[in-house]
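S.K.: The structure that follows is given in the form of structure tokens.
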Amino acid sequence: MRPREMNAIRRRGGPGHVKVGLLYPSTYEASLASLAYQSIYYYLGSRDGISVERFVLGEGPPAGLEFGSRLSSMDVIVASVHYELDYANLVRMLLSSGIEVRRSARRSRPLVVVGGPAPAANPMPISEVADLVAVGDVEPLLPQLADAISSDPRSAADALSGRDGFFSAGVERVRLARSLDLPPEFHPVAQIQPLGAEAVWGRSLLVESSRGCSRLCRFCMEGNLYFPRVDRPLDQIRSIIERGLPANGVDRVTFYSLSFFDHPKADSILEVVSGLGAGASLPSLRLDSLDEGRLRAIAGLGQRTLTLAPESGACALRRALGKPWARGDLLRVASLAESAGIRGLKLYYMVGLPGEPADSAAETAREVLELRRATGLRLSVSLTPFMPKPHTPLQWAGMEGEGELERGIRAIESPLRAAGIEVDHYSPRLARVQTAISRGGPEMLCPIEGRARGLPWGRAFAGCGMDLGALTAPLGGRGEGPWSVVDAGRPAGALAESERLYWLELGRPRRPRGASSGPSRARRASGRRTPRRPASASRAPPPAPPRRAASRPSRPSRSAPSRPRRAAGPRRGPPPSTPGPREAAPRLSTRARPPRKRPGTARGGGRPSWARGRRPRGSRRATRACRARPPRPPPRAGRPRRPRAPRSYLALALALEISASLLSFSIVSASSGPLSSLTDFMRGNLKA
């Protein structure tokens, strides 16, 4: 059924026109929220000799939204994929249309071109399906693609393969294509507006204020891949808003940006929207970019829910990720937001982060509950398992098991839901699948096709002889992965150095590949601490670790007897004989002797503290650095105090005075005879 909508292009191609099917492997409502999808649609629709028709995921074989055409009748298929699980939907749409999935099995038509953030980061999982993968920004790539398919769609892949931003199977390395500016001709002013359905963000004008990010958070793929940030000029944004509001029949603007207030003219942009009498939505913001004035401006534009992503309740871990926010900062911003008129607060947290401390889940729940007690905001929390992504400093890290992640999520969910706070979470199983595909190679097409044919993800991987646990484990070494075919323009070794700094900021050495990252996973998920043993309790020397594959040695038994020591007092007589192999050494004292503490170990346990689940050395320093500093007291009223000289200057002046006195004493003694005492001389000199 054809949807009712505004601003759609309904131009049938004549003889000689190239028919392009613009495919979005998700729902119709999700396609309306994709500004990149609409940009491609309007640009290709404006080119002579090209007719474009949209296809979205639905029941049965996909049919064009404009004229109901079959997908197999297209000359070129251009697919925009935003995350890895949509690869299965793409393959499903090809299968249901009777199109061969594998590139080698297709004869000549249609040409399949795939782009988007997921294939730009790693084109290998989809390389056996796509004839061409677009790697980079739309602005430098789309004109080249349009020129190539206009002349001859069958030879377009051969003509473009190997150029910057175009990848195909057999190409060893491709450079990520970046746009140094954001030209206005690629940003649509008139956009598709549904009349019988609601988009994900509601009906509004979509405006991209900036692209990329300069913060370099260590877990964010888009921020590291699209670095540095490119800002759209203020005059261009003003023109898009002034023309776009009446053209779309809306009175609200939704801004697209990874960090809106990093734009140097962000405050002026909000003033433009306010001056036109429109509202605005800012989907996600950084806490350290908000103040009272900006919060009042956001509330004045009609936004009633503020979205923040603290990522973790453990302050030191949050700092290492790239968000150095003190504990009091979130409470301060929440209080300012409530006073400004904002009614809701949406918080995003991650679970299963590398090096996550034992009390991370408890700290996260405690942070949210403190907000609940201190403010009247309507709170909602979204939990997402940590997923190591390509081109990030944590790309070599591993994921927790599905059971451990679920326990960690429940440890946060339970106390929050008991307090009436809305909590949702992303599936740990799907998170592990997403990580496996994002770091995989061409072999990933096997489980992707299995899922497209109706198998659950677990059975699809098992049927291909793949183990999700092995695919999501820490990667050995720091060698190149399948995604290294993409040259993102970062210096060699930059990601490895950033990973080293991550562990350094956590106050612990870099974790070896495949090693466990701290306390037991079940205890870390529940947020329970290991009870500290009393100082008087007996300890046993650590046994020699057995040779086994696991890198984490076993913990010595708590019930082992204490090490015998020599009785106190001087030894008399000959030394005792060494016991034989079957003799037991006599126990000469019942007092426990603490084991010798070795450098870099915790309480003589033979293992570094970061591998024992204890608080690592330096973590107290990192925790203190994360705490909010108390403000300085205001100066006292009244007469201003005279500035005091530094203590070092006073000490120097006193030393010089004493030296001068001793010199005068020696001169006077030599000229007029001995004095009564040095004390009398010094007393008189000081009186003078």
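The way I read the labels, and the way they are meant: chains A, B, ... in the order of the structure tokens, residue 1 as the first residue of every chain, and ligand 1 as the first ligand shown, with later ones counted on from there.
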Please list as a short mmCIF file (atom, residue, chain, number, x, y, z; two decimals) with N, CA, C and O atoms, in the first residue's frame every residue within 12 Å of A:Asp467, counting only C-alpha atoms and excluding residues in the same chain fewer than 6 positions away.
M.R.:
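Just written: around.cif:
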data_model
loop_
_atom_site.label_atom_id
_atom_site.label_comp_id
_atom_site.auth_asym_id
_atom_site.auth_seq_id
_atom_site.Cartn_x
_atom_site.Cartn_y
_atom_site.Cartn_z
N ARG A 432 26.29 -9.15 21.11
CA ARG A 432 27.40 -10.04 20.76
C ARG A 432 27.41 -10.34 19.26
O ARG A 432 28.47 -10.41 18.64
N VAL A 433 26.23 -10.51 18.68
CA VAL A 433 26.15 -10.73 17.23
C VAL A 433 26.65 -9.50 16.48
O VAL A 433 27.41 -9.61 15.50
N ALA A 436 30.44 -9.41 16.63
CA ALA A 436 31.06 -10.42 15.77
C ALA A 436 31.04 -10.00 14.31
O ALA A 436 32.04 -10.16 13.59
N MET A 444 31.40 -13.76 7.34
CA MET A 444 30.18 -13.37 8.05
C MET A 444 28.94 -13.47 7.18
O MET A 444 27.82 -13.45 7.69
N PRO A 447 26.46 -16.65 8.34
CA PRO A 447 25.39 -16.47 9.34
C PRO A 447 24.40 -15.38 8.95
O PRO A 447 23.22 -15.46 9.32
N TRP A 457 19.74 -16.12 15.31
CA TRP A 457 21.16 -15.78 15.15
C TRP A 457 22.06 -16.89 15.72
O TRP A 457 23.09 -17.23 15.12
N GLY A 458 21.69 -17.46 16.86
CA GLY A 458 22.52 -18.49 17.45
C GLY A 458 22.66 -19.71 16.55
O GLY A 458 23.77 -20.24 16.35
N ARG A 459 21.56 -20.17 16.00
CA ARG A 459 21.60 -21.32 15.10
C ARG A 459 22.29 -20.98 13.79
O ARG A 459 22.95 -21.83 13.17
N ALA A 460 22.16 -19.73 13.35
CA ALA A 460 22.82 -19.32 12.11
C ALA A 460 24.33 -19.38 12.26
O ALA A 460 25.04 -19.86 11.36
N PHE A 461 24.86 -18.93 13.39
CA PHE A 461 26.30 -19.00 13.61
C PHE A 461 26.75 -20.45 13.82
O PHE A 461 27.79 -20.86 13.30
N ALA A 473 35.70 -12.65 21.88
CA ALA A 473 36.78 -12.68 22.86
C ALA A 473 37.80 -11.59 22.52
O ALA A 473 37.82 -11.06 21.40
#
S.K.: Might you pull out every residue within 12 Å of stretch 270-277 of chain A, with only C-alpha atoms counted and same-chain residues fewer than 5 positions away left off, and present them as a PyMOL selection string?
M.R.: chain A and resi 205+207+209+234-246+250-255+260-261+263+265+282+293-302
S.K.: Just checking: using only C-alpha atoms, which residue out of A:Ser150, A:Ser127, A:Ser72, A:Thr27 ends up closest to A:Leu44?
M.R.: A:Ser150
S.K.: For each of A:Ala120, A:Ala190, A:Ser214, A:Ile409, take the minimum atom-to-atom distance to A:Tyr83, counting only C-alpha atoms, then give the residue where this is smallest.
M.R.: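 Distance minimum relative to A:Tyr83 lands on A:Ala120.
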S.K.: Could you check which of A:Glu222, A:Glu84, A:Glu404, A:Glu338 is closest to A:Glu292, using only C-alpha atoms?
M.R.: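 Of all the options, A:Glu338 lies closest to A:Glu292.
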S.K.: Can you tell me, as a list of chain:residue names, what residues are no more than 10 Å from A:Ile437 when counting only C-alpha atoms, ignoring any on the same chain fewer than 3 positions away?
M.R.: A:Tyr83, A:Glu84, A:Leu85, A:Tyr87, A:Ala118, A:Asn122, A:Met124, A:Pro125, A:Ile126, A:Lys389, A:Arg432, A:Val433, A:Gln434, A:Gly440, A:Gly441, A:Pro442, A:Glu443, A:Met444, A:Leu445, A:Pro447, A:Ile448, A:Leu471, A:Thr472
S.K.: May I ask which of the residues A:Arg70, A:His82, A:Lys19, A:Arg211 is the closest one to A:Ile99, counting only C-alpha atoms?
M.R.: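 Answer, going by the shortest atom-to-atom distance: A:Arg70.
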S.K.: Which is closer to A:Ala397 than all the others in A:Tyr349, A:Gly476, A:Arg327, A:Leu455, using only C-alpha atoms?
M.R.: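 That would be A:Gly476, the residue with the smallest distance to A:Ala397.
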S.K.: Give me every helix (DSSP H, G or I) residue in stretch 4-179 of chain A, going by DSSP on the backbone, as a ChimeraX atom specification.
M.R.: /A:28-32,35-45,71-73,86-96,103-105,117-121,124-126,138-151,153-160
S.K.: Write out the residues from the selection above, keeping C-alpha atoms, as a short mmCIF file (atom, residue, chain, number, x, y, z; two decimals), in the first residue's frame.
M.R.:
data_model
loop_
_atom_site.label_atom_id
_atom_site.label_comp_id
_atom_site.auth_asym_id
_atom_site.auth_seq_id
_atom_site.Cartn_x
_atom_site.Cartn_y
_atom_site.Cartn_z
CA TYR A 28 9.30 2.87 6.73
CA GLU A 29 9.20 4.97 9.91
CA ALA A 30 12.94 4.45 10.47
CA SER A 31 13.73 5.50 6.89
CA LEU A 32 12.01 8.85 7.45
CA LEU A 35 18.75 12.34 6.78
CA ALA A 36 21.44 10.57 4.70
CA TYR A 37 18.76 8.40 3.05
CA GLN A 38 16.76 11.48 2.13
CA SER A 39 19.87 13.30 0.88
CA ILE A 40 20.68 10.45 -1.53
CA TYR A 41 17.05 10.30 -2.63
CA TYR A 42 16.78 13.97 -3.55
CA TYR A 43 20.22 14.23 -5.13
CA LEU A 44 19.73 11.23 -7.43
CA GLY A 45 16.19 12.39 -8.20
CA LEU A 71 13.16 -4.50 -6.92
CA SER A 72 14.48 -6.93 -9.52
CA SER A 73 13.47 -4.52 -12.30
CA ASP A 86 20.47 -4.73 9.02
CA TYR A 87 22.73 -6.76 6.70
CA ALA A 88 20.34 -9.67 7.27
CA ASN A 89 17.37 -7.50 6.25
CA LEU A 90 19.23 -6.44 3.11
CA VAL A 91 19.89 -10.06 2.14
CA ARG A 92 16.27 -10.98 2.96
CA MET A 93 14.97 -8.29 0.60
CA LEU A 94 17.25 -9.53 -2.19
CA LEU A 95 16.15 -13.14 -1.67
CA SER A 96 12.45 -12.29 -1.64
CA ARG A 103 27.97 -10.99 -6.29
CA SER A 104 29.71 -13.77 -8.23
CA ALA A 105 26.36 -15.46 -9.01
CA PRO A 117 28.36 3.93 8.81
CA ALA A 118 28.59 0.15 9.27
CA PRO A 119 30.07 -0.75 5.85
CA ALA A 120 32.26 2.36 5.91
CA ALA A 121 33.93 1.12 9.11
CA MET A 124 34.42 -6.96 4.50
CA PRO A 125 31.25 -8.63 5.93
CA ILE A 126 29.20 -7.40 2.96
CA VAL A 138 28.03 11.43 0.61
CA GLU A 139 29.35 14.72 -0.83
CA PRO A 140 32.54 13.46 -2.56
CA LEU A 141 31.14 10.02 -3.51
CA LEU A 142 27.60 10.54 -4.77
CA PRO A 143 28.45 12.71 -7.82
CA GLN A 144 31.03 10.14 -8.98
CA LEU A 145 28.53 7.31 -8.57
CA ALA A 146 25.81 9.23 -10.44
CA ASP A 147 28.17 9.98 -13.34
CA ALA A 148 29.30 6.35 -13.57
CA ILE A 149 25.84 4.76 -13.56
CA SER A 150 24.49 7.39 -15.98
CA SER A 151 27.05 6.41 -18.62
CA PRO A 153 25.61 0.87 -15.01
CA ARG A 154 27.26 -2.46 -15.93
CA SER A 155 30.79 -1.04 -15.95
CA ALA A 156 30.31 1.39 -13.04
CA ALA A 157 31.89 -0.98 -10.49
CA ASP A 158 35.02 -1.47 -12.58
CA ALA A 159 35.29 2.26 -13.26
CA LEU A 160 35.03 3.29 -9.59
#
S.K.: Residues within 8 Å of A:Asp75, please, as a list of chain:residue names. Count only C-alpha atoms; anything in the same chain fewer than 5 positions from it doesn't count.
M.R.: A:Val18, A:Lys19, A:Val20, A:Gly21, A:Arg109, A:Pro110, A:Leu111, A:Pro153
S.K.: Please report the interatomic distance between atom CA of A:Ala280 and atom CA of A:Leu195 in Å with one decimal.
M.R.: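 Result for atom CA of A:Ala280 versus atom CA of A:Leu195: 20.5 Å, one decimal.
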S.K.: Which value, in Å to one decimal, gives the distance between atom CA of A:Ile269 and atom CA of A:Arg203?
M.R.: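 Atom CA of A:Ile269 sits 19.9 Å away from atom CA of A:Arg203.
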S.K.: Using DSSP on the backbone coordinates, identify all residues within stretch 303-516 of chain A classified as strand (DSSP E); present the result as a ChimeraX atom specification.
M.R.: /A:305-311,344-351,378-385,422-425,486-487
S.K.: Which value, in Å to one decimal, gives the distance between atom CA of A:Gly408 and atom CA of A:Arg372?
M.R.: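 These atoms are spaced 21.0 Å apart.
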S.K.: So which residues touch A:Val171 within 7 Å, counting only C-alpha atoms, skipping near sequence neighbours fewer than 3 positions away, as a list in words?
M.R.: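 What passes the distance filter is Gly162, Phe167 and Ser168 of chain A.
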S.K.: Using only C-alpha atoms, determine which residues lie at most 12 Å from A:Gly401, disregarding the query and same-chain residues fewer than 6 positions distant; provide the list as an MDAnalysis selection string.
M.R.: chainID A and resid 351:352 385:387 407:408 428:429 431:433 468:474 516 521:522 525
